[in-house]
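Accompanying notes for the structure given below.
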Amino acid sequence: MNDRPMLIFPKPVEVDRSKKPPGRGGNIRYPDHANQIGRVLPKLRQLEDAFANHRGTVTPNTVGVTPEYAVVFETVGSIENFTNAVKDINGLEWLAEMDEFIDPDEDFYMSSQDDEIVDKKLGARLFLIMSNQTAMSELKSLWEKYRNQESFERGTTKWRDLFAQLKDLRLWSIQDRFYNTGLKEALEEKIEFGQTLIRFEIELWYRKNNSKRIEASTQIKQLIKEANGEVLAESIIEEISYHALLVEAPITIFQSLNNDSNVQLIKADSIMYFRPVGQSAVIAPSELIVEEAPTSAENSVLSEKPPVIALFDGLPLQNHSLLRDRIIIDDPDEFEINYEASKRFHGTTMASLIIHGELDSQTLPLNRKIYVRPILKPNPNDFMNNSEHIPDNLLPVDLIHRAVKRLFEGDGEEVAAAPNIKIINLSIGDPARPFDLQLSPWAKLIDYLSVKYKVLFLISAGNYPKSILLDVPRDEFSGIKKDPIIAEKVVKSIAENVIERRILSPSESINSLCIGASHKDNSIIKNMGNRIDVFSSEEVMSPYSRVGLGFRNSIKPDILLSGGKQLFTENILGSNGFALLDVNSSSLAPGHKVAYPGDSGNTNEVIYTRGTSNATALATRFAGEIYEVLEDLLSNLPDKEEILTEFGALFIKTLLVHGAQWNNAYQFYKNILQLPRETKFRDKKLPRYVGYGFVNQYKILNASDQKVTLLGYSKIKKENGQLFEIPLPPSLSRRVDKRRLTVTLSWFSPLSNTNQKYRQAHLWFDSEHELLQLNRFEADAKAVQRGTVQHEIFEGERAAAFIDGDVLTIKVNCKQDATGLGTRDEVSYTIAVTLEVAEGTNISIYNEVRDRVRAEIRTRIQ
């Protein structure tokens with residue numbers, strides 16, 4: 001064990017939480033009362049007509065059941081706790097709440113303090129409510145109160161606010177059911193290849209009442225049968241309000257996606273979305289040149305301790321010389337059948353990176369086995385790319401739910417497969433579902449499983465495999481391709497296409513860590529040939545790594561790790577006269593050297609690969625190393641196992657982020673992307689590309705005389721605060737040495753699935769960094785509080801005066817964000833604090849802080 005180990009904070013002191021000042025909302029201008037009546041009244045009448053017209057179209061087969069319809073209330077601005085007003089009206093059922101952004105118009109717009117019109121998109125909110133005719137009558141009664149400016153009874157005043165802010169009122173439409181789901185694109189592709197059948201997911205509105213769920217499911221199954229389709233699977237996961245059917249049907253049912261369609265399934269009001277399936281795929285390199293595996297990487301002593309890492313991926317080549325006896329394969333769905341050895345590409349490379357790291361680094365392998373659950377299979381319909389995918393006869397959400405439940409609870413009569421797992425690597429994503437404001441069911445599932453099983457998911461941001469179009473004439477490119485200006489052109493091209501390059505579901509999950517890739521590896525390039533390295537720096541986001549932000553503008557990706565350098569080749573044809581760079585898919589260096597399943601049954605071949613999957617695998621490997629450090633650190637505590645069970649995954653989450661920094665990337669991207677007088681660069685622009693920054697694992701695990709790291713853990717209730725105290729090293733007083741304070745807090749938040757805020761628990765810390773004359777460095781103060789990780793760095797070198805016994809206080813606070821957090825509910829969290837001075841400074845802050853922490857612990861015990 002390191003002779004300068006991390007220190008454990010004494011138990012925090014309970015206090016009241018800090019009161020956050022209310023956020024400043026924009027000056028939204030709404031129509032006056034008379035104009036709003038003129039706007040809404042026609043919409044209300046259209047809704048009445050729609051109810052009447054729908055009654056004659058899609059009706060349940062169950063006799064005597066009142067038809068119900070999903071109604072959309074679109075408001076400009078927020079109306080908090082509107083769900084409470086809905087509960088009190090007979091015939092209304094709350095379904096969901098969604099954020100969106102809309103363009104201003106003459107009725108709704110933003111204004112400045114001087115009453116000038118501001119051309120800015122408006123925050124809008126969709127309230128989705130299931131309604132019947134009885135509720136419609138109640139709604140009309142409330143409208144009349146608003147129309148006549150009558151008093152609203154207690155409990156109904158939110159309806160008055162809703163009518164005043166109402167932008168639109170309508171039924172959930174056919175267009176809504178296909179909006180941004182990716183199914184239209186999947187249809188076009190299948191039609192192009194002459195396919196006559198299509199498999200797709202129907203996501204139903206989740207009904208809390210079981211009889212209504214059965215009723216909706218029965219109706220939709222009947223309509224599928226009438227459309228000559230077949231239901232292949234059904235999944236209901238109450239905890240994330242998920243109800244879905246996997247369906248195979250003739251592709252012709254989607255010929256018309258308008259109201260004139262004669263396919264009743266398309267019009268069914270119980271349906272929320274139609275989605276494609278079988279889209280989560282990984283592709284093997286197309287240009288293969290293999291090497292022989294280094295024998296030095298095979299030998300090490302394996303521990304008999306249970307695995308703490310689970311890999312959900314393709315099936316690895318388990319007898320590869322680098323993997324043999326190092327993995328535990330659990331294949332209850334029998335994916336191994338017809339899974340040819342040569343097709344086991346992605347699982348093999350991921351397992352290799354987790355166990356050994358990149359082979360060029362020549363690091364020791366992990367000393368525990370890793371658990372592997374196959375969730376990918378070779379894609380039988382992909383003859384060109386040799387890809388692996390989640391089979392299209394399974395719902396991905398259901399598959400992951402079953403796989404995780406099997407880990408911790410078992411399957412049927414079987415016992416838990418690997419209950420000690422703390423980290424789950426999920427290096428796949430859904431290209432048909434880049435993140436777009438609303439959380440996917442897959443992300444919601446991961447958030448729920450994180451809380452339930454106290455496990456950390458590490459998820460890749462996703463790769464963007466397309467060519468890069470540069471703002472450079474094709475004929476001029478060859479003369480400047482080694483010029484630094486190319487890096488600037490590449491960054492600008494990525495920035496102009498951020499919508500297309502968004503992170504892939506489920507990496508938007510708020511309780512997991514989303515891993516992006518940096519342009520870095522430890523390989524040696526022997527021959528560049530005609531390949532082009534567009535970046536000279538390693539402290540940049542890789543050009544293939546997808547970009548954030550995350551849910552409600554939270555920082556995503558969270559961190560970047562080495563993904564392997566990606567080279568490009570010039571497309572000699574260009575595009576419309578401009579230079580076009582194609583991704584070079586060679587298996588030669590640069591990149592990460594990893595185990596590879598050979599075509600001829602060889603079990604000792606290696607190749608070079610790159611990707612955000614690689615970065616996620618390396619993050620997973622580092623997480624495993626952190627766990628071993630934690631076991632040593634806590635070894636003398638009598639409740640070690642209880643601490644690791646409750647807080648182990650959170651310690652890993654906190655420490656993975658704790659070593660992240662922007663470094664030189666801030667100035668690099670600022671010079672290229674920041675606009676004149678732009679104020680949101682630190683808040684929303686730079687984090688899209690680098691998150692909290694590039695992880696330096698040596699900073700976390702290696703201490704020194706000039707650096708001390710303290711770890712804290714606790715549980716906190718809403719409206720409470722807890723104080724952690726860092727003894728200030730006396731030798732630092734009145735000195736002008738450069739010093740840095742890094743604080744990282746993380747938690748798994750409980751969830752509210754039908755509330756647009758979603759995150760029930762908002763934790764944050766306040767620090768007294770001013771005592772050390774430190775200033776905020778890197779990430780924006782607002783940006784760091786939108787997710788479930790707060791990571792901040794403070795720096796300074798001005799002299800600070802204090803005396804022996806003075807402490808620097810870090811206060812952790814908790815408040816309810818979305819509804820549902822009870823007064824007795826406790827939220828587990830961990831915190832890491834590092835205080836350091838420049839290496840070589842002639843003071844030992846480690847010893848001074850350690851001695852005072854030990855003295856404080858002894859005092860509290862007595």
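Please note that chains go A, B, ... in the order of the structure tokens, that every chain numbers its residues from 1, and that ligands are numbered from 1 in the order shown.
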Give me, as a PyMOL selection string, all polymer residues having an atom no more than 10 Å from Glu106 (chain A), counting only C-alpha atoms and skipping those fewer than 4 positions away in the same chain. chain A and resi 29-31
Using N, CA and C atoms, can you write the selected residues to a file as a PDB file, in the first residue's frame?
ATOM      1  N   ARG A  29     -42.951  37.267 -21.870  1.00  0.00           N
ATOM      2  CA  ARG A  29     -44.170  38.045 -22.085  1.00  0.00           C
ATOM      3  C   ARG A  29     -45.263  37.121 -22.606  1.00  0.00           C
ATOM      4  N   TYR A  30     -46.426  37.206 -21.932  1.00  0.00           N
ATOM      5  CA  TYR A  30     -47.565  36.373 -22.289  1.00  0.00           C
ATOM      6  C   TYR A  30     -48.676  37.249 -22.870  1.00  0.00           C
ATOM      7  N   PRO A  31     -49.614  36.647 -23.623  1.00  0.00           N
ATOM      8  CA  PRO A  31     -50.774  37.411 -24.106  1.00  0.00           C
ATOM      9  C   PRO A  31     -51.611  37.906 -22.920  1.00  0.00           C
TER      10      PRO A  31
END
Identify, on the basis of only C-alpha atoms, every residue whose closest approach to region 324-337 of chain A does not exceed 8 Å; exclude the query and any residue fewer than 6 positions from it along the same chain; express the result as a VMD selection string. chain A and resid 302 315 318 351 355 368 to 377
Expected file contents, prior selection, N, CA, C and O atoms, as a compact mmCIF listing (two decimals), in the first residue's frame:
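The resulting file, selection.txt, is shown below:
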# COMPACT_ATOMS: atom_id res chain seq x y z
N LEU A 302 -3.61 -14.56 -10.04
CA LEU A 302 -5.01 -14.18 -9.97
C LEU A 302 -5.55 -14.37 -8.56
O LEU A 302 -5.28 -15.38 -7.92
N LEU A 315 -19.70 -11.61 -26.97
CA LEU A 315 -19.05 -12.77 -26.35
C LEU A 315 -17.55 -12.73 -26.65
O LEU A 315 -17.15 -12.69 -27.82
N GLN A 318 -12.94 -16.68 -25.20
CA GLN A 318 -12.49 -16.95 -23.84
C GLN A 318 -11.19 -17.71 -23.75
O GLN A 318 -10.51 -17.66 -22.71
N ALA A 351 -12.78 -6.86 -23.14
CA ALA A 351 -12.23 -7.64 -22.03
C ALA A 351 -10.72 -7.47 -21.94
O ALA A 351 -10.16 -7.33 -20.84
N ILE A 355 -8.83 -5.85 -18.63
CA ILE A 355 -7.90 -6.70 -17.88
C ILE A 355 -6.47 -6.18 -17.96
O ILE A 355 -5.77 -6.07 -16.95
N ARG A 368 -8.22 -9.68 -10.43
CA ARG A 368 -9.48 -10.40 -10.27
C ARG A 368 -10.04 -10.74 -11.65
O ARG A 368 -9.82 -10.03 -12.62
N LYS A 369 -10.81 -11.80 -11.68
CA LYS A 369 -11.53 -12.11 -12.90
C LYS A 369 -12.64 -11.09 -13.11
O LYS A 369 -13.08 -10.43 -12.16
N ILE A 370 -13.08 -10.95 -14.35
CA ILE A 370 -14.22 -10.08 -14.63
C ILE A 370 -15.39 -10.94 -15.11
O ILE A 370 -15.21 -11.99 -15.73
N TYR A 371 -16.57 -10.51 -14.75
CA TYR A 371 -17.82 -11.20 -15.12
C TYR A 371 -18.27 -10.67 -16.48
O TYR A 371 -18.28 -9.45 -16.71
N VAL A 372 -18.64 -11.56 -17.40
CA VAL A 372 -19.07 -11.16 -18.74
C VAL A 372 -20.45 -11.73 -19.04
O VAL A 372 -20.66 -12.95 -18.93
N ARG A 373 -21.38 -10.86 -19.38
CA ARG A 373 -22.72 -11.28 -19.81
C ARG A 373 -22.89 -10.88 -21.28
O ARG A 373 -22.93 -9.68 -21.61
N PRO A 374 -22.94 -11.84 -22.21
CA PRO A 374 -23.14 -11.48 -23.62
C PRO A 374 -24.53 -10.85 -23.84
O PRO A 374 -25.54 -11.43 -23.43
N ILE A 375 -24.54 -9.68 -24.48
CA ILE A 375 -25.81 -9.07 -24.87
C ILE A 375 -25.81 -8.73 -26.37
O ILE A 375 -26.79 -8.21 -26.88
N LEU A 376 -24.70 -9.04 -27.04
CA LEU A 376 -24.60 -8.83 -28.49
C LEU A 376 -24.45 -10.18 -29.18
O LEU A 376 -23.97 -11.15 -28.59
N LYS A 377 -24.87 -10.21 -30.44
CA LYS A 377 -24.67 -11.38 -31.30
C LYS A 377 -24.27 -10.88 -32.68
O LYS A 377 -24.54 -9.73 -33.04
Counting only C-alpha atoms, which residues of region 339-366 of chain A sit at most 10 Å from some atom of region 613-628 of chain A, and what is each one's closest atom pair with its distance in Å to one decimal, listed by chain and rising residue number, as CSV?
residue,atom,partner,partner_atom,distance
A:His346,CA,A:Ser613,CA,9.0
A:Thr349,CA,A:Asn614,CA,8.2
A:Met350,CA,A:Ala617,CA,5.9
A:Ala351,CA,A:Ala617,CA,7.8
A:Ser352,CA,A:Ala617,CA,8.7
A:Leu353,CA,A:Ala617,CA,5.8
A:Ile354,CA,A:Arg621,CA,4.6
A:Ile355,CA,A:Arg621,CA,6.6
A:His356,CA,A:Arg621,CA,8.1
A:Gly357,CA,A:Leu618,CA,6.2
A:Glu358,CA,A:Leu618,CA,8.2
A:Pro365,CA,A:Arg621,CA,9.2
A:Leu366,CA,A:Glu625,CA,7.5
Would you mind reading off the distance between CA of Ala443 (chain A) and CA of Ser509 (chain A), one decimal, in Å?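 Result for CA of Ala443 (chain A) versus CA of Ser509 (chain A): 4.5 Å, one decimal.
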With distances taken over only C-alpha atoms, which of A:Tyr698, A:Phe794, A:Phe477, A:Phe457 is nearest to Leu573 (chain A)?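 With only C-alpha atoms as the atom set, the closest residue is A:Phe477.
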Distance query Pro316 (chain A) at most 6 Å, only C-alpha atoms, self and fewer than 2 positions along chain excluded, as a PyMOL selection string: chain A and resi 318+344+347-348
Which neighbours of region 404-417 of chain A fall inside 10 Å, counting only C-alpha atoms, when residues of the same chain fewer than 3 positions from it are skipped, and could you give them as a ChimeraX atom specification? /A:310,312,330,332,371,373,399-401,420-421,424,446,449-450,452-453,455
Sorted by chain and rising residue number, list the residues of region 376-482 of chain A at most 7 Å from region 532-545 of chain A (counting only C-alpha atoms), each with its closest atom pair and distance in Å to one decimal, as a Markdown table.
| residue | atom | partner | partner_atom | distance |
| --- | --- | --- | --- | --- |
| A:Ala461 | CA | A:Ser545 | CA | 6.9 |
| A:Gly462 | CA | A:Ser545 | CA | 6.4 |
| A:Asn463 | CA | A:Ser545 | CA | 5.2 |
| A:Tyr464 | CA | A:Tyr544 | CA | 4.9 |
| A:Pro465 | CA | A:Tyr544 | CA | 6.3 |
